[in-house]
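Structure file my_file_28.pdb (PDB, C-alpha atoms and all ligand atoms) is printed below.
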```
ATOM      1  CA  MET K 851     113.070 113.299  63.861
ATOM      2  CA  ASN K 852     115.987 112.862  66.262
ATOM      3  CA  ASN K 853     116.807 109.134  66.308
ATOM      4  CA  ASN K 854     118.147 109.321  69.845
ATOM      5  CA  ARG K 855     114.684 110.084  71.101
ATOM      6  CA  ALA K 856     112.377 107.187  71.973
ATOM      7  CA  GLU K 857     108.719 107.876  71.350
ATOM      8  CA  MET K 858     106.440 107.155  74.275
ATOM      9  CA  GLN K 859     103.170 105.329  73.716
ATOM     10  CA  VAL K 860     101.166 106.848  76.527
ATOM     11  CA  LYS K 861      97.837 105.244  77.262
ATOM     12  CA  LEU K 862      95.099 106.707  79.405
ATOM     13  CA  ILE K 863      93.763 103.795  81.449
ATOM     14  CA  ASP K 864      91.194 105.542  83.588
ATOM     15  CA  TYR K 865      90.309 108.977  84.972
ATOM     16  CA  ALA K 866      87.942 110.703  87.349
ATOM     17  CA  SER K 867      84.833 111.363  85.299
ATOM     18  CA  THR K 868      82.835 114.591  85.656
ATOM     19  CA  PRO K 869      84.663 115.760  88.819
ATOM     20  CA  LEU K 870      83.298 119.302  88.505
ATOM     21  CA  GLU K 871      79.738 118.024  88.206
ATOM     22  CA  LYS K 872      80.277 115.984  91.371
ATOM     23  CA  LEU K 873      81.570 119.062  93.142
ATOM     24  CA  TYR K 874      78.507 120.952  91.900
ATOM     25  CA  ALA K 875      76.283 118.181  93.320
ATOM     26  CA  ALA K 876      78.150 118.380  96.644
ATOM     27  CA  PHE K 877      77.512 122.134  96.834
ATOM     28  CA  ARG K 878      73.853 121.748  95.935
ATOM     29  CA  THR K 879      73.464 119.049  98.594
ATOM     30  CA  CYS K 880      74.540 121.598 101.211
ATOM     31  CA  TYR K 881      71.702 123.914 100.237
ATOM     32  CA  SER K 882      68.939 121.404  99.701
ATOM     33  CA  SER K 883      66.850 119.006 101.752
ATOM     34  CA  ASP K 884      66.969 116.452  98.903
ATOM     35  CA  SER K 885      69.262 113.459  99.198
ATOM     36  CA  PRO K 886      72.493 113.461  97.176
ATOM     37  CA  ILE K 887      71.051 110.788  94.842
ATOM     38  CA  GLU K 888      67.934 112.866  94.196
ATOM     39  CA  ILE K 889      70.115 115.889  93.515
ATOM     40  CA  TRP K 890      72.341 113.918  91.165
ATOM     41  CA  ASP K 891      69.262 112.705  89.238
ATOM     42  CA  LYS K 892      67.934 116.263  89.065
ATOM     43  CA  ILE K 893      71.231 117.577  87.731
ATOM     44  CA  LYS K 894      71.229 114.951  84.993
ATOM     45  CA  ALA K 895      67.610 115.776  84.085
ATOM     46  CA  GLU K 896      68.264 119.528  84.089
ATOM     47  CA  LYS K 897      71.135 119.111  81.615
ATOM     48  CA  ILE K 898      73.022 122.029  83.147
ATOM     49  CA  SER K 899      75.835 123.344  81.013
ATOM     50  CA  HIS K 900      79.453 122.963  82.019
ATOM     51  CA  GLU K 901      79.786 126.768  82.083
ATOM     52  CA  ARG K 902      76.900 127.105  84.544
ATOM     53  CA  VAL K 903      78.471 124.429  86.756
ATOM     54  CA  ARG K 904      81.782 126.315  86.807
ATOM     55  CA  GLU K 905      79.999 129.608  87.456
ATOM     56  CA  PHE K 906      78.012 128.156  90.372
ATOM     57  CA  ILE K 907      81.130 126.649  91.953
ATOM     58  CA  GLY K 908      82.986 129.947  91.526
ATOM     59  CA  GLU K 909      80.149 131.849  93.232
ATOM     60  CA  ARG K 910      80.142 129.467  96.212
ATOM     61  CA  LEU K 911      83.910 129.618  96.567
ATOM     62  CA  LYS K 912      83.809 133.417  96.565
ATOM     63  CA  THR K 913      81.615 133.264  99.679
ATOM     64  CA  GLY K 914      84.351 131.279 101.416
ATOM     65  CA  HIS K 915      82.425 128.002 101.393
ATOM     66  CA  ALA K 916      85.244 125.725 100.309
ATOM     67  CA  SER K 917      84.717 122.578 102.387
ATOM     68  CA  PRO K 918      83.066 120.508  99.568
ATOM     69  CA  LEU K 919      86.409 120.740  97.740
ATOM     70  CA  GLU K 920      87.789 118.220 100.221
ATOM     71  CA  GLN K 921      85.433 115.568  98.902
ATOM     72  CA  ILE K 922      86.550 115.822  95.317
ATOM     73  CA  VAL K 923      89.352 113.745  93.923
ATOM     74  CA  PHE K 924      90.845 114.437  90.545
ATOM     75  CA  TRP K 925      92.823 111.445  89.394
ATOM     76  CA  PHE K 926      93.986 109.641  86.316
ATOM     77  CA  ALA K 927      95.920 106.493  85.509
ATOM     78  CA  ILE K 928      98.322 106.307  82.610
ATOM     79  CA  ALA K 929     100.654 103.682  81.234
ATOM     80  CA  GLY K 930     103.705 104.015  79.075
ATOM     81  CA  VAL K 931     105.165 107.094  80.746
ATOM     82  CA  SER K 932     108.779 106.807  81.788
ATOM     83  CA  ARG K 933     109.485 106.728  85.496
ATOM     84  CA  SER K 934     111.413 109.984  85.332
ATOM     85  CA  LEU K 935     108.448 111.745  83.735
ATOM     86  CA  SER K 936     105.983 110.388  86.259
ATOM     87  CA  HIS K 937     108.290 111.688  88.986
ATOM     88  CA  GLN K 938     108.144 115.083  87.332
ATOM     89  CA  PHE K 939     104.364 114.980  87.815
ATOM     90  CA  VAL K 940     104.651 114.288  91.502
ATOM     91  CA  ARG K 941     107.962 115.833  92.501
ATOM     92  CA  HIS K 942     106.278 118.622  94.427
ATOM     93  CA  ARG K 943     104.506 116.034  96.565
ATOM     94  CA  ILE K 944     107.206 114.239  98.508
ATOM     95  CA  GLY K 945     104.657 111.833 100.045
ATOM     96  CA  ILE K 946     103.592 110.498  96.658
ATOM     97  CA  SER K 947     107.091 110.485  95.285
ATOM     98  CA  PHE K 948     108.349 108.531  98.263
ATOM     99  CA  GLU K 949     105.423 106.152  98.018
ATOM    100  CA  GLN K 950     106.332 105.308  94.415
ATOM    101  CA  GLN K 951     109.845 104.488  95.435
ATOM    102  CA  SER K 952     108.886 102.542  98.494
ATOM    103  CA  GLN K 953     106.439 100.369  96.611
ATOM    104  CA  ARG K 954     109.187  99.433  94.268
ATOM    105  CA  TYR K 955     111.922  98.718  96.739
ATOM    106  CA  VAL K 956     110.356  97.558  99.961
ATOM    107  CA  LYS K 957     108.102  94.746 100.998
ATOM    108  CA  PHE K 958     105.999  94.136 104.053
ATOM    109  CA  LYS K 959     107.344  91.307 106.168
ATOM    110  CA  GLN K 960     106.689  90.310 109.778
ATOM    111  CA  GLU K 961     105.236  93.722 110.574
ATOM    112  CA  ARG K 962     108.480  95.376 109.500
ATOM    113  CA  LEU K 963     109.512  97.016 106.273
ATOM    114  CA  ALA K 964     112.387  95.117 104.702
ATOM    115  CA  PHE K 965     114.372  96.233 101.678
ATOM    116  CA  VAL K 966     114.141  94.231  98.479
ATOM    117  CA  MET K 967     117.372  94.160  96.537
ATOM    118  CA  PRO K 968     116.751  94.878  92.837
ATOM    119  CA  GLU K 969     118.092  92.029  90.727
ATOM    120  CA  SER K 970     120.065  94.380  88.486
ATOM    121  CA  TRP K 971     121.978  95.798  91.465
ATOM    122  CA  ARG K 972     122.679  92.273  92.720
ATOM    123  CA  ARG K 973     123.988  91.232  89.286
ATOM    124  CA  ALA K 974     126.254  94.257  89.248
ATOM    125  CA  GLY K 975     127.614  93.308  92.674
ATOM    126  CA  LEU K 976     126.277  96.514  94.224
ATOM    127  CA  GLU K 977     124.288  94.993  97.111
ATOM    128  CA  GLU K 978     126.253  96.785  99.788
ATOM    129  CA  GLU K 979     126.063 100.141  98.021
ATOM    130  CA  PHE K 980     122.322  99.778  97.517
ATOM    131  CA  ALA K 981     121.697  98.789 101.149
ATOM    132  CA  GLY K 982     123.909 101.686 102.270
ATOM    133  CA  LEU K 983     122.003 104.167 100.109
ATOM    134  CA  LEU K 984     118.638 103.055 101.451
ATOM    135  CA  GLU K 985     119.908 103.125 105.008
ATOM    136  CA  ARG K 986     121.207 106.663 104.476
ATOM    137  CA  THR K 987     117.910 107.728 102.849
ATOM    138  CA  SER K 988     115.935 106.303 105.776
ATOM    139  CA  GLU K 989     118.227 108.067 108.200
ATOM    140  CA  LEU K 990     117.768 111.403 106.405
ATOM    141  CA  TYR K 991     113.996 111.007 106.303
ATOM    142  CA  GLY K 992     114.128 110.090 109.993
ATOM    143  CA  ARG K 993     116.108 113.220 110.834
ATOM    144  CA  ALA K 994     113.721 115.506 108.973
ATOM    145  CA  LEU K 995     110.678 113.790 110.456
ATOM    146  CA  LYS K 996     109.153 115.435 113.475
ATOM    147  CA  ALA K 997     105.775 113.803 113.953
ATOM    148  CA  VAL K 998     102.968 111.985 112.202
ATOM    149  CA  VAL K 999      99.220 112.314 112.457
ATOM    150  CA  PRO K1000      98.247 108.782 111.452
ATOM    151  CA  GLY K1001      94.538 109.060 110.763
ATOM    152  CA  GLY K1002      93.517 112.586 109.815
ATOM    153  CA  SER K1003      93.292 115.744 111.910
ATOM    154  CA  SER K1004      90.881 114.171 114.378
ATOM    155  CA  THR K1005      93.515 111.739 115.654
ATOM    156  CA  PRO K1006      96.306 112.387 118.168
ATOM    157  CA  VAL K1007      99.745 113.178 116.803
ATOM    158  CA  LEU K1008     102.610 110.705 117.359
ATOM    159  CA  LYS K1009     106.257 111.647 117.769
ATOM    160  CA  SER K1010     108.824 110.431 115.258
ATOM    161  CA  ASP K1011     110.159 107.826 117.691
ATOM    162  CA  GLU K1012     106.657 106.383 118.163
ATOM    163  CA  ILE K1013     105.859 105.628 114.559
ATOM    164  CA  ASP K1014     108.034 102.645 113.752
ATOM    165  CA  ILE K1015     104.920 100.519 113.871
ATOM    166  CA  ALA K1016     102.632  98.630 111.506
ATOM    167  CA  MET K1017      99.838 100.763 110.063
ATOM    168  CA  ASP K1018      96.982  98.698 111.420
ATOM    169  CA  PHE K1019      94.226  99.613 113.854
ATOM    170  CA  ASP K1020      95.666  97.749 116.851
ATOM    171  CA  SER K1021      99.259  98.910 116.474
ATOM    172  CA  VAL K1022      98.313 102.567 116.024
ATOM    173  CA  ALA K1023      95.895 102.370 118.966
ATOM    174  CA  LYS K1024      98.630 100.842 121.149
ATOM    175  CA  ALA K1025     100.902 103.748 120.194
ATOM    176  CA  GLY K1026      98.278 106.182 121.513
ATOM    177  CA  SER K1027      96.444 107.307 118.397
ATOM    178  CA  MET K1028      93.927 106.024 115.838
ATOM    179  CA  LEU K1029      93.878 105.168 112.161
ATOM    180  CA  GLY K1030      90.721 107.260 111.757
ATOM    181  CA  SER K1031      90.197 108.243 108.146
ATOM    182  CA  GLY K1032      93.684 107.019 107.245
ATOM    183  CA  GLY K1033      94.614 110.503 106.073
ATOM    184  CA  VAL K1034      98.262 110.474 107.153
ATOM    185  CA  VAL K1035      99.859 113.860 107.791
ATOM    186  CA  VAL K1036     103.635 113.888 108.025
ATOM    187  CA  LEU K1037     105.263 116.846 109.760
ATOM    188  CA  ASP K1038     108.863 117.800 109.222
ATOM    189  CA  ASP K1039     111.091 119.558 111.710
ATOM    190  CA  THR K1040     110.091 123.023 110.486
ATOM    191  CA  THR K1041     106.498 122.598 111.638
ATOM    192  CA  CYS K1042     105.453 124.684 114.614
ATOM    193  CA  MET K1043     103.001 122.614 116.657
ATOM    194  CA  VAL K1044     101.178 125.724 117.858
ATOM    195  CA  LYS K1045     100.618 126.873 114.298
ATOM    196  CA  PHE K1046      99.584 123.355 113.322
ATOM    197  CA  ALA K1047      97.002 123.245 116.126
ATOM    198  CA  LEU K1048      95.779 126.693 115.068
ATOM    199  CA  ARG K1049      95.330 125.735 111.420
ATOM    200  CA  THR K1050      93.344 122.665 112.369
ATOM    201  CA  MET K1051      91.233 124.554 114.855
ATOM    202  CA  LYS K1052      90.369 127.189 112.226
ATOM    203  CA  PHE K1053      89.024 124.346 110.096
ATOM    204  CA  TYR K1054      86.944 122.811 112.901
ATOM    205  CA  GLN K1055      85.595 126.157 114.045
ATOM    206  CA  HIS K1056      84.528 126.882 110.487
ATOM    207  CA  GLU K1057      82.922 123.458 110.115
ATOM    208  CA  SER K1058      81.093 123.494 113.455
ATOM    209  CA  CYS K1059      77.369 123.761 112.740
ATOM    210  CA  GLY K1060      76.894 125.510 116.099
ATOM    211  CA  TRP K1061      74.125 123.229 117.281
ATOM    212  CA  CYS K1062      75.706 122.217 120.562
ATOM    213  CA  ILE K1063      77.433 124.571 122.967
ATOM    214  CA  PRO K1064      80.702 122.723 123.770
ATOM    215  CA  CYS K1065      81.584 122.525 120.091
ATOM    216  CA  ARG K1066      80.266 125.939 119.044
ATOM    217  CA  GLU K1067      81.852 127.874 121.901
ATOM    218  CA  GLY K1068      84.818 125.538 122.411
ATOM    219  CA  THR K1069      86.150 125.624 118.855
ATOM    220  CA  ASP K1070      85.631 129.387 118.694
ATOM    221  CA  TRP K1071      87.395 130.012 122.004
ATOM    222  CA  LEU K1072      90.233 127.650 121.100
ATOM    223  CA  LYS K1073      90.668 129.299 117.714
ATOM    224  CA  LYS K1074      90.746 132.801 119.200
ATOM    225  CA  THR K1075      93.116 131.731 121.958
ATOM    226  CA  LEU K1076      95.431 129.975 119.511
ATOM    227  CA  ILE K1077      95.493 133.030 117.226
ATOM    228  CA  ARG K1078      96.509 135.253 120.142
ATOM    229  CA  PHE K1079      98.872 132.622 121.509
ATOM    230  CA  HIS K1080     100.569 131.941 118.191
ATOM    231  CA  SER K1081     100.948 135.655 117.518
ATOM    232  CA  GLY K1082     102.918 136.083 120.721
ATOM    233  CA  GLY K1083     100.144 137.275 123.056
ATOM    234  CA  GLY K1084      99.892 134.072 125.061
ATOM    235  CA  VAL K1085     100.481 133.514 128.762
ATOM    236  CA  ASN K1086     101.425 130.309 130.552
ATOM    237  CA  LYS K1087      97.995 129.581 131.912
ATOM    238  CA  ASP K1088      96.583 129.537 128.348
ATOM    239  CA  ILE K1089      98.347 126.212 127.833
ATOM    240  CA  ASP K1090      96.545 124.450 130.668
ATOM    241  CA  ASN K1091      93.303 126.258 129.866
ATOM    242  CA  MET K1092      93.397 125.041 126.252
ATOM    243  CA  TYR K1093      94.171 121.523 127.406
ATOM    244  CA  TYR K1094      91.478 121.576 130.083
ATOM    245  CA  LEU K1095      88.830 122.981 127.733
ATOM    246  CA  SER K1096      89.670 120.437 125.025
ATOM    247  CA  GLU K1097      89.449 117.569 127.490
ATOM    248  CA  ASN K1098      86.086 118.826 128.632
ATOM    249  CA  MET K1099      84.713 119.015 125.097
ATOM    250  CA  LEU K1100      85.544 115.353 124.622
ATOM    251  CA  GLY K1101      82.445 113.154 124.721
ATOM    252  CA  ARG K1102      80.154 116.128 125.396
ATOM    253  CA  THR K1103      79.171 117.062 121.879
ATOM    254  CA  PHE K1104      76.310 115.849 119.770
ATOM    255  CA  CYS K1105      78.407 114.601 116.831
ATOM    256  CA  PRO K1106      82.066 113.544 116.572
ATOM    257  CA  LEU K1107      83.203 116.894 115.165
ATOM    258  CA  GLY K1108      83.479 118.328 118.655
ATOM    259  CA  ASP K1109      85.658 115.393 119.785
ATOM    260  CA  ALA K1110      87.733 115.527 116.626
ATOM    261  CA  ALA K1111      88.521 119.206 117.099
ATOM    262  CA  THR K1112      90.382 118.597 120.330
ATOM    263  CA  SER K1113      92.866 115.872 119.351
ATOM    264  CA  LEU K1114      95.688 118.000 118.022
ATOM    265  CA  VAL K1115      95.435 120.505 120.853
ATOM    266  CA  THR K1116      95.632 117.897 123.624
ATOM    267  CA  SER K1117      98.225 115.651 121.946
ATOM    268  CA  GLY K1118     100.185 118.699 120.747
ATOM    269  CA  ILE K1119     100.387 120.123 124.265
ATOM    270  CA  ARG K1120     101.122 116.711 125.794
ATOM    271  CA  LEU K1121     103.963 115.862 123.409
ATOM    272  CA  PHE K1122     105.305 119.299 122.451
ATOM    273  CA  ARG K1123     104.589 121.403 125.516
ATOM    274  CA  GLU K1124     108.022 123.021 125.264
ATOM    275  CA  GLU K1125     106.954 124.647 121.977
ATOM    276  CA  PHE K1126     103.905 126.176 123.616
ATOM    277  CA  GLU K1127     106.035 127.433 126.510
ATOM    278  CA  TYR K1128     108.573 128.826 124.055
ATOM    279  CA  HIS K1129     105.814 130.855 122.404
ATOM    280  CA  VAL K1130     104.926 132.434 125.752
ATOM    281  CA  LYS K1131     108.540 133.232 126.568
ATOM    282  CA  HIS K1132     109.734 134.449 123.167
ATOM    283  CA  GLY K1133     106.553 135.495 121.387
ATOM    284  CA  HIS K1134     107.288 133.481 118.274
ATOM    285  CA  CYS K1135     107.657 129.908 117.049
ATOM    286  CA  MET K1136     110.412 127.669 118.350
ATOM    287  CA  VAL K1137     110.783 126.258 114.836
ATOM    288  CA  GLY K1138     109.739 127.457 111.417
ATOM    289  CA  GLY K1139     111.068 131.024 111.716
ATOM    290  CA  MET K1140     107.695 132.642 112.452
ATOM    291  CA  HIS K1141     108.234 135.911 114.278
ATOM    292  CA  ALA K1142     105.601 138.138 115.710
ATOM    293  CA  HIS K1143     104.638 141.366 113.977
ATOM    294  CA  PRO K1144     105.846 144.462 115.951
ATOM    295  CA  GLU K1145     102.245 145.453 116.721
ATOM    296  CA  ILE K1146     101.554 141.996 118.058
ATOM    297  CA  GLU K1147     104.766 142.153 120.047
ATOM    298  CA  SER K1148     103.613 145.342 121.828
ATOM    299  CA  ALA K1149     100.149 143.809 122.438
ATOM    300  CA  ARG K1150     101.921 140.838 123.989
ATOM    301  CA  GLU K1151     103.996 143.052 126.250
ATOM    302  CA  ALA K1152     100.853 144.898 127.345
ATOM    303  CA  THR K1153      99.193 141.554 128.117
ATOM    304  CA  LEU K1154     102.142 140.417 130.185
ATOM    305  CA  LYS K1155     102.314 143.744 132.051
ATOM    306  CA  ALA K1156      98.633 143.577 132.876
ATOM    307  CA  GLY K1157      99.276 140.082 134.269
ATOM    308  CA  VAL K1158      96.396 138.602 132.291
TER     309      VAL K1158
HETATM  310  S1  LIG Q   1      79.542 118.730 117.668
HETATM  311 FE1  LIG Q   1      78.497 118.408 115.728
HETATM  312  S2  LIG Q   1      76.377 118.945 116.194
HETATM  313 FE2  LIG Q   1      77.618 119.849 117.812
HETATM  314  S3  LIG Q   1      78.000 121.953 117.088
HETATM  315 FE3  LIG Q   1      79.734 120.630 116.502
HETATM  316  S4  LIG Q   1      79.260 120.062 114.407
HETATM  317 FE4  LIG Q   1      77.344 120.767 115.316
END
```
As structure tokens, please, write out the structure in this file.
Amino acid sequence: MNNNRAEMQVKLIDYASTPLEKLYAAFRTCYSSDSPIEIWDKIKAEKISHERVREFIGERLKTGHASPLEQIVFWFAIAGVSRSLSHQFVRHRIGISFEQQSQRYVKFKQERLAFVMPESWRRAGLEEEFAGLLERTSELYGRALKAVVPGGSSTPVLKSDEIDIAMDFDSVAKAGSMLGSGGVVVLDDTTCMVKFALRTMKFYQHESCGWCIPCREGTDWLKKTLIRFHSGGGVNKDIDNMYYLSENMLGRTFCPLGDAATSLVTSGIRLFREEFEYHVKHGHCMVGGMHAHPEIESAREATLKAGV
């Protein structure tokens, strides 16, 4: 064995148990009038094989029913892994990677994030260098940051200059949004806000159960309009129409899904209207390099000629 190599004593502390079985239970709940607990008990009594569980999930996914996947969390906790290796695990997820660093080097103080100087850097007389590096890193993150959705897709987006706030209910509400589910979405400067609104609307339209008209028709109309609009077939009055329709869905649906669907359309248009107008004028995204397909381009020209 190479003596230069230190052996790691990795220990598994905890892990998500039976995640596939829980996903299977989530799918079965969708197709049953039994409560999730009753279903879970049934599954345990039926002693269904792991292969059958995988097969069932595969069949459901093939039909396009993927929403239960959002409820499932696969996680594990390990100790003894070097920091560089754990970064390898998460390097493709900048949010997690950044979180690891920030927990190590920052502390929460007087509603502001203040740097904590590592003792080793202080001993080495590198305080200034360390502070300079963190300042530069913050500046670079700040430059790449375009906007943040602070509480999941049902909450209004905030611009990068609005998010230097504490992540608590009052502060986020004062800034004009909500903490909602706490599912923070960070958008960099390559994100087209029209495309972002479209992606979210596709989700809500798919999830709408169709029971009440404002949600059923509203999400469908918004999705279709955003598809045409994003592809370059939009006209100026679409912008106000989308805003107006979204505002009118608010508070008029049976469950909160209808309200939730409108947030990123209204806040997106309010804060990034120039991107919507750019789409009308140029037929493609202002950022992100999305250009319309030639066929879509000619459909757009026909739309404009017809004055629709
Ligand atoms: S608002 Fe709720 S109840 Fe109404 S159609 Fe949408 S999902 Fe169904």
Ground truth for the PyMOL selection byres (((chain K and resi 1077) around 10) and not hetatm), written as a ChimeraX atom specification: /K:1044-1045,1047-1049,1051-1052,1071-1076,1078-1084
Expected selection as number ranges by chain for ligand LIG 1 (chain Q) within 6 Å, all atoms listed in the file: K: 1058-1062, 1065-1066, 1103-1108
Keeping only C-alpha atoms, write the selected residues to a file as a tab-separated table (two decimals), keeping the file's coordinate frame.
```
chain	number	residue	atom	x	y	z
K	1058	SER	CA	81.09	123.49	113.46
K	1059	CYS	CA	77.37	123.76	112.74
K	1060	GLY	CA	76.89	125.51	116.10
K	1061	TRP	CA	74.12	123.23	117.28
K	1062	CYS	CA	75.71	122.22	120.56
K	1065	CYS	CA	81.58	122.52	120.09
K	1066	ARG	CA	80.27	125.94	119.04
K	1103	THR	CA	79.17	117.06	121.88
K	1104	PHE	CA	76.31	115.85	119.77
K	1105	CYS	CA	78.41	114.60	116.83
K	1106	PRO	CA	82.07	113.54	116.57
K	1107	LEU	CA	83.20	116.89	115.16
K	1108	GLY	CA	83.48	118.33	118.66
```
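Residues lying within 10 Å of (107.4, 129.6, 119.0). Counted over only C-alpha atoms, they are K:Cys1042, K:Met1043, K:Val1044, K:Lys1045, K:Phe1079, K:His1080, K:Ser1081, K:Gly1082, K:Glu1124, K:Glu1125, K:Phe1126, K:Glu1127, K:Tyr1128, K:His1129, K:Val1130, K:Lys1131, K:His1132, K:Gly1133, K:His1134, K:Cys1135, K:Met1136, K:Val1137, K:Gly1138, K:Gly1139, K:Met1140, K:His1141, K:Ala1142.
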Could those selected residues go to a file with C-alpha atoms, as a PDB file, keeping the file's coordinate frame?
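Contents of part-v4.pdb, freshly written:
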```pdb
ATOM      1  CA  CYS K1042     105.453 124.684 114.614  1.00  0.00           C
ATOM      2  CA  MET K1043     103.001 122.614 116.657  1.00  0.00           C
ATOM      3  CA  VAL K1044     101.178 125.724 117.858  1.00  0.00           C
ATOM      4  CA  LYS K1045     100.618 126.873 114.298  1.00  0.00           C
ATOM      5  CA  PHE K1079      98.872 132.622 121.509  1.00  0.00           C
ATOM      6  CA  HIS K1080     100.569 131.941 118.191  1.00  0.00           C
ATOM      7  CA  SER K1081     100.948 135.655 117.518  1.00  0.00           C
ATOM      8  CA  GLY K1082     102.918 136.083 120.721  1.00  0.00           C
ATOM      9  CA  GLU K1124     108.022 123.021 125.264  1.00  0.00           C
ATOM     10  CA  GLU K1125     106.954 124.647 121.977  1.00  0.00           C
ATOM     11  CA  PHE K1126     103.905 126.176 123.616  1.00  0.00           C
ATOM     12  CA  GLU K1127     106.035 127.433 126.510  1.00  0.00           C
ATOM     13  CA  TYR K1128     108.573 128.826 124.055  1.00  0.00           C
ATOM     14  CA  HIS K1129     105.814 130.855 122.404  1.00  0.00           C
ATOM     15  CA  VAL K1130     104.926 132.434 125.752  1.00  0.00           C
ATOM     16  CA  LYS K1131     108.540 133.232 126.568  1.00  0.00           C
ATOM     17  CA  HIS K1132     109.734 134.449 123.167  1.00  0.00           C
ATOM     18  CA  GLY K1133     106.553 135.495 121.387  1.00  0.00           C
ATOM     19  CA  HIS K1134     107.288 133.481 118.274  1.00  0.00           C
ATOM     20  CA  CYS K1135     107.657 129.908 117.049  1.00  0.00           C
ATOM     21  CA  MET K1136     110.412 127.669 118.350  1.00  0.00           C
ATOM     22  CA  VAL K1137     110.783 126.258 114.836  1.00  0.00           C
ATOM     23  CA  GLY K1138     109.739 127.457 111.417  1.00  0.00           C
ATOM     24  CA  GLY K1139     111.068 131.024 111.716  1.00  0.00           C
ATOM     25  CA  MET K1140     107.695 132.642 112.452  1.00  0.00           C
ATOM     26  CA  HIS K1141     108.234 135.911 114.278  1.00  0.00           C
ATOM     27  CA  ALA K1142     105.601 138.138 115.710  1.00  0.00           C
TER      28      ALA K1142
END
```
Surrounding residues of range 906-914 of chain K excluding itself and chain neighbours under 2 positions, 10 Å, only C-alpha atoms, as a list in words: Leu870, Glu871, Leu873, Tyr874, Ala875, Ala876, Phe877, Arg878, His900, Glu901, Arg902, Val903, Arg904, Ala916, Ser917, Pro918 and Leu919 of chain K
Å distance separating CA of Phe980 in chain K from CA of Val1034 in chain K, one decimal place: 28.0 Å
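Between CA of Met1092 in chain K and CA of Thr1112 in chain K there is a distance of 9.3 Å.
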Interatomic distance, CA of Ile893 in chain K to CA of Ser1031 in chain K (Å, one decimal): 29.4 Å
Close residues, range 1011-1013 of chain K itself excluded, 10 Å, all atoms listed in the file, min 5 positions apart in chain, as JSON, numbers by chain: {"K": [992, 995, 996, 997, 998, 999, 1000, 1021, 1022, 1025, 1026]}
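Taken over the whole file, the PyMOL selection byres (((chain K and resi 925-928) around 6) and not hetatm) covers exactly Lys861, Leu862, Ile863, Asp864, Tyr865, Ala866, Phe924 and Ala929 of chain K.
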Report as a PDB file with C-alpha atoms, in the coordinates of the input the residues that result from applying the PyMOL selection byres (((chain K and resi 1032) around 10) and not hetatm) to the structure here.
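Result went into part37.pdb, see below:
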```pdb
ATOM      1  CA  VAL K 999      99.220 112.314 112.457  1.00  0.00           C
ATOM      2  CA  PRO K1000      98.247 108.782 111.452  1.00  0.00           C
ATOM      3  CA  GLY K1001      94.538 109.060 110.763  1.00  0.00           C
ATOM      4  CA  GLY K1002      93.517 112.586 109.815  1.00  0.00           C
ATOM      5  CA  SER K1003      93.292 115.744 111.910  1.00  0.00           C
ATOM      6  CA  THR K1005      93.515 111.739 115.654  1.00  0.00           C
ATOM      7  CA  MET K1017      99.838 100.763 110.063  1.00  0.00           C
ATOM      8  CA  ASP K1018      96.982  98.698 111.420  1.00  0.00           C
ATOM      9  CA  PHE K1019      94.226  99.613 113.854  1.00  0.00           C
ATOM     10  CA  MET K1028      93.927 106.024 115.838  1.00  0.00           C
ATOM     11  CA  LEU K1029      93.878 105.168 112.161  1.00  0.00           C
ATOM     12  CA  GLY K1030      90.721 107.260 111.757  1.00  0.00           C
ATOM     13  CA  SER K1031      90.197 108.243 108.146  1.00  0.00           C
ATOM     14  CA  GLY K1033      94.614 110.503 106.073  1.00  0.00           C
ATOM     15  CA  VAL K1034      98.262 110.474 107.153  1.00  0.00           C
ATOM     16  CA  VAL K1035      99.859 113.860 107.791  1.00  0.00           C
TER      17      VAL K1035
END
```
8 Å per side around range 969-983 of chain K: axis-aligned box centre and edge lengths, as lines of an AutoDock Vina configuration file:
```
center_x = 122.9
center_y = 97.7
center_z = 95.4
size_x = 25.5
size_y = 28.9
size_z = 29.8
```
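Closest approach to Leu1114 in chain K among K:Leu983, K:Leu1008, K:Val1036, K:Met1099: K:Leu1008, based on all atoms listed in the file.
Distances to Asn1098 in chain K were evaluated for K:Leu990, K:Leu1121, K:Val1007, K:Ile1063 using only C-alpha atoms, and the minimum falls at K:Ile1063.
Considering only C-alpha atoms, the residue among K:Tyr991, K:Tyr1054, K:Tyr1094, K:Phe1122 positioned nearest to Asp1038 in chain K is K:Tyr991.
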Residue completion, range 1078-1083 of chain K, N, CA and C atoms, as a PDB file, in the frame of the given file:
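Final output, saved to rebuild-v8.pdb:
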```pdb
ATOM      1  N   ARG K1078      95.777 134.327 119.243  1.00  0.00           N
ATOM      2  CA  ARG K1078      96.509 135.253 120.142  1.00  0.00           C
ATOM      3  C   ARG K1078      97.813 134.600 120.605  1.00  0.00           C
ATOM      4  N   PHE K1079      97.719 133.345 120.980  1.00  0.00           N
ATOM      5  CA  PHE K1079      98.872 132.622 121.509  1.00  0.00           C
ATOM      6  C   PHE K1079      99.973 132.508 120.459  1.00  0.00           C
ATOM      7  N   HIS K1080      99.575 132.125 119.250  1.00  0.00           N
ATOM      8  CA  HIS K1080     100.569 131.941 118.191  1.00  0.00           C
ATOM      9  C   HIS K1080     101.207 133.266 117.804  1.00  0.00           C
ATOM     10  N   SER K1081     100.424 134.341 117.902  1.00  0.00           N
ATOM     11  CA  SER K1081     100.948 135.655 117.518  1.00  0.00           C
ATOM     12  C   SER K1081     101.857 136.245 118.575  1.00  0.00           C
ATOM     13  N   GLY K1082     102.003 135.587 119.701  1.00  0.00           N
ATOM     14  CA  GLY K1082     102.918 136.083 120.721  1.00  0.00           C
ATOM     15  C   GLY K1082     102.218 136.708 121.913  1.00  0.00           C
ATOM     16  N   GLY K1083     100.879 136.659 121.939  1.00  0.00           N
ATOM     17  CA  GLY K1083     100.144 137.275 123.056  1.00  0.00           C
ATOM     18  C   GLY K1083      99.680 136.265 124.085  1.00  0.00           C
TER      19      GLY K1083
END
```
